[in-house]
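**Q** The structure follows.
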Amino acid sequence: MTFEPLASDFYSYGSLLSDQERDAIAKLRAWAEADVKPIAGEYWDRAEFPMQIVKPLADLGAYSFAWDETKPFENSAVFRGFVAMELARVDPSVATFVGVQNGLVNGSLSLCGSAEQRAEWIPKFASGELIGAFGLTEPLSGSDSAQGLRTTAAREGDSWVLNGAKRWIGNGTFSDITIIWAKDVEDGQVKGFIVPTTTPGYTATKIEGKISLRSVQNADIVLDGVVVPESLRLQQADSFRDTASVLRLTRAEVAWAAVGTAMGAYEAAVRYAGERVQFGKTIGSHQLVQDLLVKCLGNITASLGMVVRVSEMLDRGEQRDEHSALAKAYTTARMRETVAWAREAVGGNGIVLDYEVARFFADAEALYSYEGTREMNTLIVGRKITGSAAFV
């Protein structure tokens, strides 16, 4: 499989990948174009997830690119970003599914689990044997999770009893395991737990009526006296700082997915502009349409440069919270502009699924909000700039 630079990668950032990484991206792209793209609109419209792609993604290594017990981070962070970008430019819902499975779940195990927990669980998620979810956000606690978490964990002998509720949990309707974050009633610190979804007292209900990422199965989760053994507590998670260490990594990859979402809308608009004829010539021949497409490409190129740099910093151990926060805030804002311009270029057909732009246009709204809203990420960067926290 030959790696070909994307036309939307205008400055050829793909050339930074190694030969092995380019080969892996070429295989992933070919599979996504052949097996995901033709069905993405149909499943989005039905608000269902195409479960038949779970195993092929595992075979392509999509759940194990980032985490390996013997060689952590064997692939570069730039490569992992390209994985998120390539999936999002075809279907942001699939990119989100992988982001949960690989980044949030395997990331939690890798950064916060014991050696024994990593050895037991990570291979099962990497192979697709198990599907995971990540339970942090709550009905009354989103941006203030560091202080406002209401789900509780009470130690009783060699077990913990969990009580509370979670909301917007991706993969939550069909996960085998959910990583639940709860506040220890004794010391007030946030701890993580590996919770099998068959545990008595655990229920998950699909959130209906979404207009964004409709293929992602988000769930409301209720924990009513859920008992888990101490062996299923993440042994290296002792405070919200440990939870934040996982989010720091995944936030940067959401920024990459935002670039991919913008690319998907832009590429669809370019195709349409080359086919749609008005006033005797293709609309791509009109100045105002070209202006829209150039603005789209400018946003994509600027955002891609930012996420490449922040991932390079991660590889060198230099990335901090404010770096990933700025990338997430900036790229999702530019993505929002870009999908709107692409939708404008496609005109009335930009609101129907047939021409793809509508799906990216709608999906961008979810990426704009999850993994930290623009406002919260702005405050993280603002604190660094001024030395003053302005969160409350």
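Going by the structure tokens order, chains are called A, B, ..., each with residues numbered from 1, while ligands are numbered from 1 in the order shown.
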Please build the interface table for stretch 175-263 of chain A against stretch 328-338 of chain A with a cut-off of 9 Å, listing for each qualifying residue the nearest atom pair and the distance in Å to one decimal; count only C-alpha atoms, order rows by chain and increasing number, and write it as a tab-separated table.
**A**
residue	atom	partner	partner_atom	distance
A:Arg251	CA	A:Lys328	CA	6.4
A:Ala252	CA	A:Lys328	CA	6.3
A:Glu253	CA	A:Lys328	CA	8.5
A:Val254	CA	A:Lys328	CA	6.7
A:Ala255	CA	A:Lys328	CA	4.6
A:Trp256	CA	A:Thr331	CA	8.0
A:Ala257	CA	A:Thr332	CA	9.0
A:Ala258	CA	A:Thr332	CA	5.5
A:Val259	CA	A:Met335	CA	6.5
A:Gly260	CA	A:Met335	CA	8.8
A:Thr261	CA	A:Met335	CA	7.1
A:Ala262	CA	A:Met335	CA	5.1
A:Met263	CA	A:Thr338	CA	8.6
**Q** Using only C-alpha atoms, what table do you get, as CSV, when you list each residue of stretch 297-369 of chain A with an atom no more than 8 Å from stretch 2-12 of chain A, its nearest pair of atoms, and their distance in Å rounded to one decimal, rows by chain then rising number?
**A**
residue,atom,partner,partner_atom,distance
A:Leu297,CA,A:Ser8,CA,6.8
A:Ile300,CA,A:Ser8,CA,7.5
A:Thr301,CA,A:Phe10,CA,6.5
A:Leu304,CA,A:Asp9,CA,7.9
**Q** My list of candidates is A:Pro50, A:Gly188, A:Gly372, A:Gly157. Which is closest to A:Leu326 when distances are computed with only C-alpha atoms?
**A**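 For A:Leu326, the nearest of the given residues is A:Gly372.
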**Q** Using only C-alpha atoms, which protein or nucleic acid residues come within 7 Å of stretch 128-144 of chain A? Drop anything in the same chain fewer than 5 positions from it, and give the result as a list of chain:residue names.
**A** A:Val54, A:Lys55, A:Ala58, A:Val100, A:Gln101, A:Leu104, A:Val105, A:Leu149, A:Ala165, A:Lys166, A:Arg167, A:Trp168, A:Ile169, A:Gly170, A:Asn171, A:Gly172, A:Ser175, A:Asp176, A:Ile177, A:Thr178, A:Ile179, A:Ile180, A:Trp181, A:Gly372, A:Met376
**Q** With C-alpha atoms retained, export the selected residues as a short mmCIF file (atom, residue, chain, number, x, y, z; two decimals), in the first residue's frame.
**A**
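Now in out16.cif:
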data_model
loop_
_atom_site.label_atom_id
_atom_site.label_comp_id
_atom_site.auth_asym_id
_atom_site.auth_seq_id
_atom_site.Cartn_x
_atom_site.Cartn_y
_atom_site.Cartn_z
CA VAL A 54 -14.70 -3.05 15.56
CA LYS A 55 -12.59 -6.10 14.68
CA ALA A 58 -8.25 -3.95 15.91
CA VAL A 100 -12.39 6.33 23.74
CA GLN A 101 -11.11 2.77 23.28
CA LEU A 104 -9.25 7.23 27.30
CA VAL A 105 -9.54 3.56 28.29
CA LEU A 149 -17.64 15.19 41.02
CA ALA A 165 -24.50 8.87 37.79
CA LYS A 166 -22.53 9.60 34.61
CA ARG A 167 -23.65 11.26 31.38
CA TRP A 168 -22.45 11.54 27.76
CA ILE A 169 -20.44 8.33 28.09
CA GLY A 170 -19.26 7.33 24.60
CA ASN A 171 -19.46 3.59 23.81
CA GLY A 172 -21.52 3.42 27.00
CA SER A 175 -19.05 -1.38 26.56
CA ASP A 176 -17.83 -4.44 28.44
CA ILE A 177 -15.84 -2.34 30.89
CA THR A 178 -16.24 1.29 31.94
CA ILE A 179 -13.53 3.25 33.70
CA ILE A 180 -15.48 5.04 36.43
CA TRP A 181 -14.03 8.06 38.23
CA GLY A 372 -12.96 20.52 27.54
CA MET A 376 -12.33 25.99 29.84
#
**Q** Run DSSP on the backbone and tell me which residues of stretch 165-333 of chain A come out as strand (DSSP E); list them as a PyMOL selection string.
**A** chain A and resi 165-169+177-184+190-196+202-206+219-229+277-278+281-282
**Q** Using only C-alpha atoms, which residue out of A:Tyr43, A:Tyr13, A:Phe361, A:Phe79 lies closest to A:Asp315?
**A**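 Of A:Tyr43, A:Tyr13, A:Phe361, A:Phe79, the one nearest A:Asp315 is A:Phe79, counting only C-alpha atoms.
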**Q** Near A:Ala268, counting only C-alpha atoms, which residues have an atom at most 8 Å away, once you skip same-chain residues fewer than 2 positions from it, shown as number ranges by chain?
**A** A: 264-266, 270-272, 342, 355-357
**Q** Give the answer as one residue: which of A:Glu275, A:Asp321, A:Glu344, A:Glu48 has the shortest atom-to-atom distance to A:Arg383, using only C-alpha atoms?
**A**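 Ranking A:Glu275, A:Asp321, A:Glu344, A:Glu48 by distance to A:Arg383, first place goes to A:Asp321.
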**Q** For atom CA of A:Ser311 and atom CA of A:Ala95, determine how far apart the two atoms are, in Å to one decimal place.
**A**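 Rounded to one decimal, the two atoms are 17.5 Å apart.
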**Q** Choose the residue, out of A:Val90, A:Val161, A:Ala204, A:Leu60, that has the smallest atom-to-atom separation from A:Asp363; count only C-alpha atoms.
**A**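 Smallest distance to A:Asp363 is found for A:Val90.
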**Q** Which polymer residues have any atom within 9 Å of an atom of A:Asp158, counting only C-alpha atoms, with same-chain residues fewer than 6 positions away left out, as JSON, numbers by chain?
**A** {"A": [228, 229, 230, 231]}
**Q** How far is it from atom CA of A:Glu208 to atom CA of A:Asp45, in Å with one decimal?
**A**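 Straight-line distance from atom CA of A:Glu208 to atom CA of A:Asp45 works out to 12.6 Å.
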**Q** Given only C-alpha atoms as the basis, pick out the residue of A:Arg150, A:Arg241, A:Arg80, A:Arg320 nearest to A:Asn102.
**A**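 So, comparing all the options, the nearest one is A:Arg80.
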**Q** Taking only C-alpha atoms into account, name the residue in A:Ala40, A:Val78, A:Ile53, A:Ile122 that is nearest to A:Ser18.
**A**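 When distances to A:Ser18 are compared using only C-alpha atoms, the smallest one comes from A:Val78.
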**Q** If DSSP is run on the backbone, what residues of stretch 19-134 of chain A are alpha helix (DSSP H)? A reply as JSON, numbers by chain would be ideal.
**A** {"A": [19, 20, 21, 22, 23, 24, 25, 26, 27, 28, 29, 30, 31, 37, 38, 39, 40, 41, 42, 43, 44, 45, 46, 54, 55, 56, 57, 58, 59, 77, 78, 79, 80, 81, 82, 83, 84, 85, 86, 87, 88, 92, 93, 94, 95, 96, 97, 98, 106, 107, 108, 109, 110, 111, 112, 115, 116, 117, 118, 119, 120, 121, 122, 123, 124, 125, 126]}
**Q** One decimal, Å: what's the distance from atom CA of A:Gly201 over to atom CA of A:Cys112, could you say?
**A**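 Spanning atom CA of A:Gly201 to atom CA of A:Cys112 is a straight-line distance of 24.8 Å.
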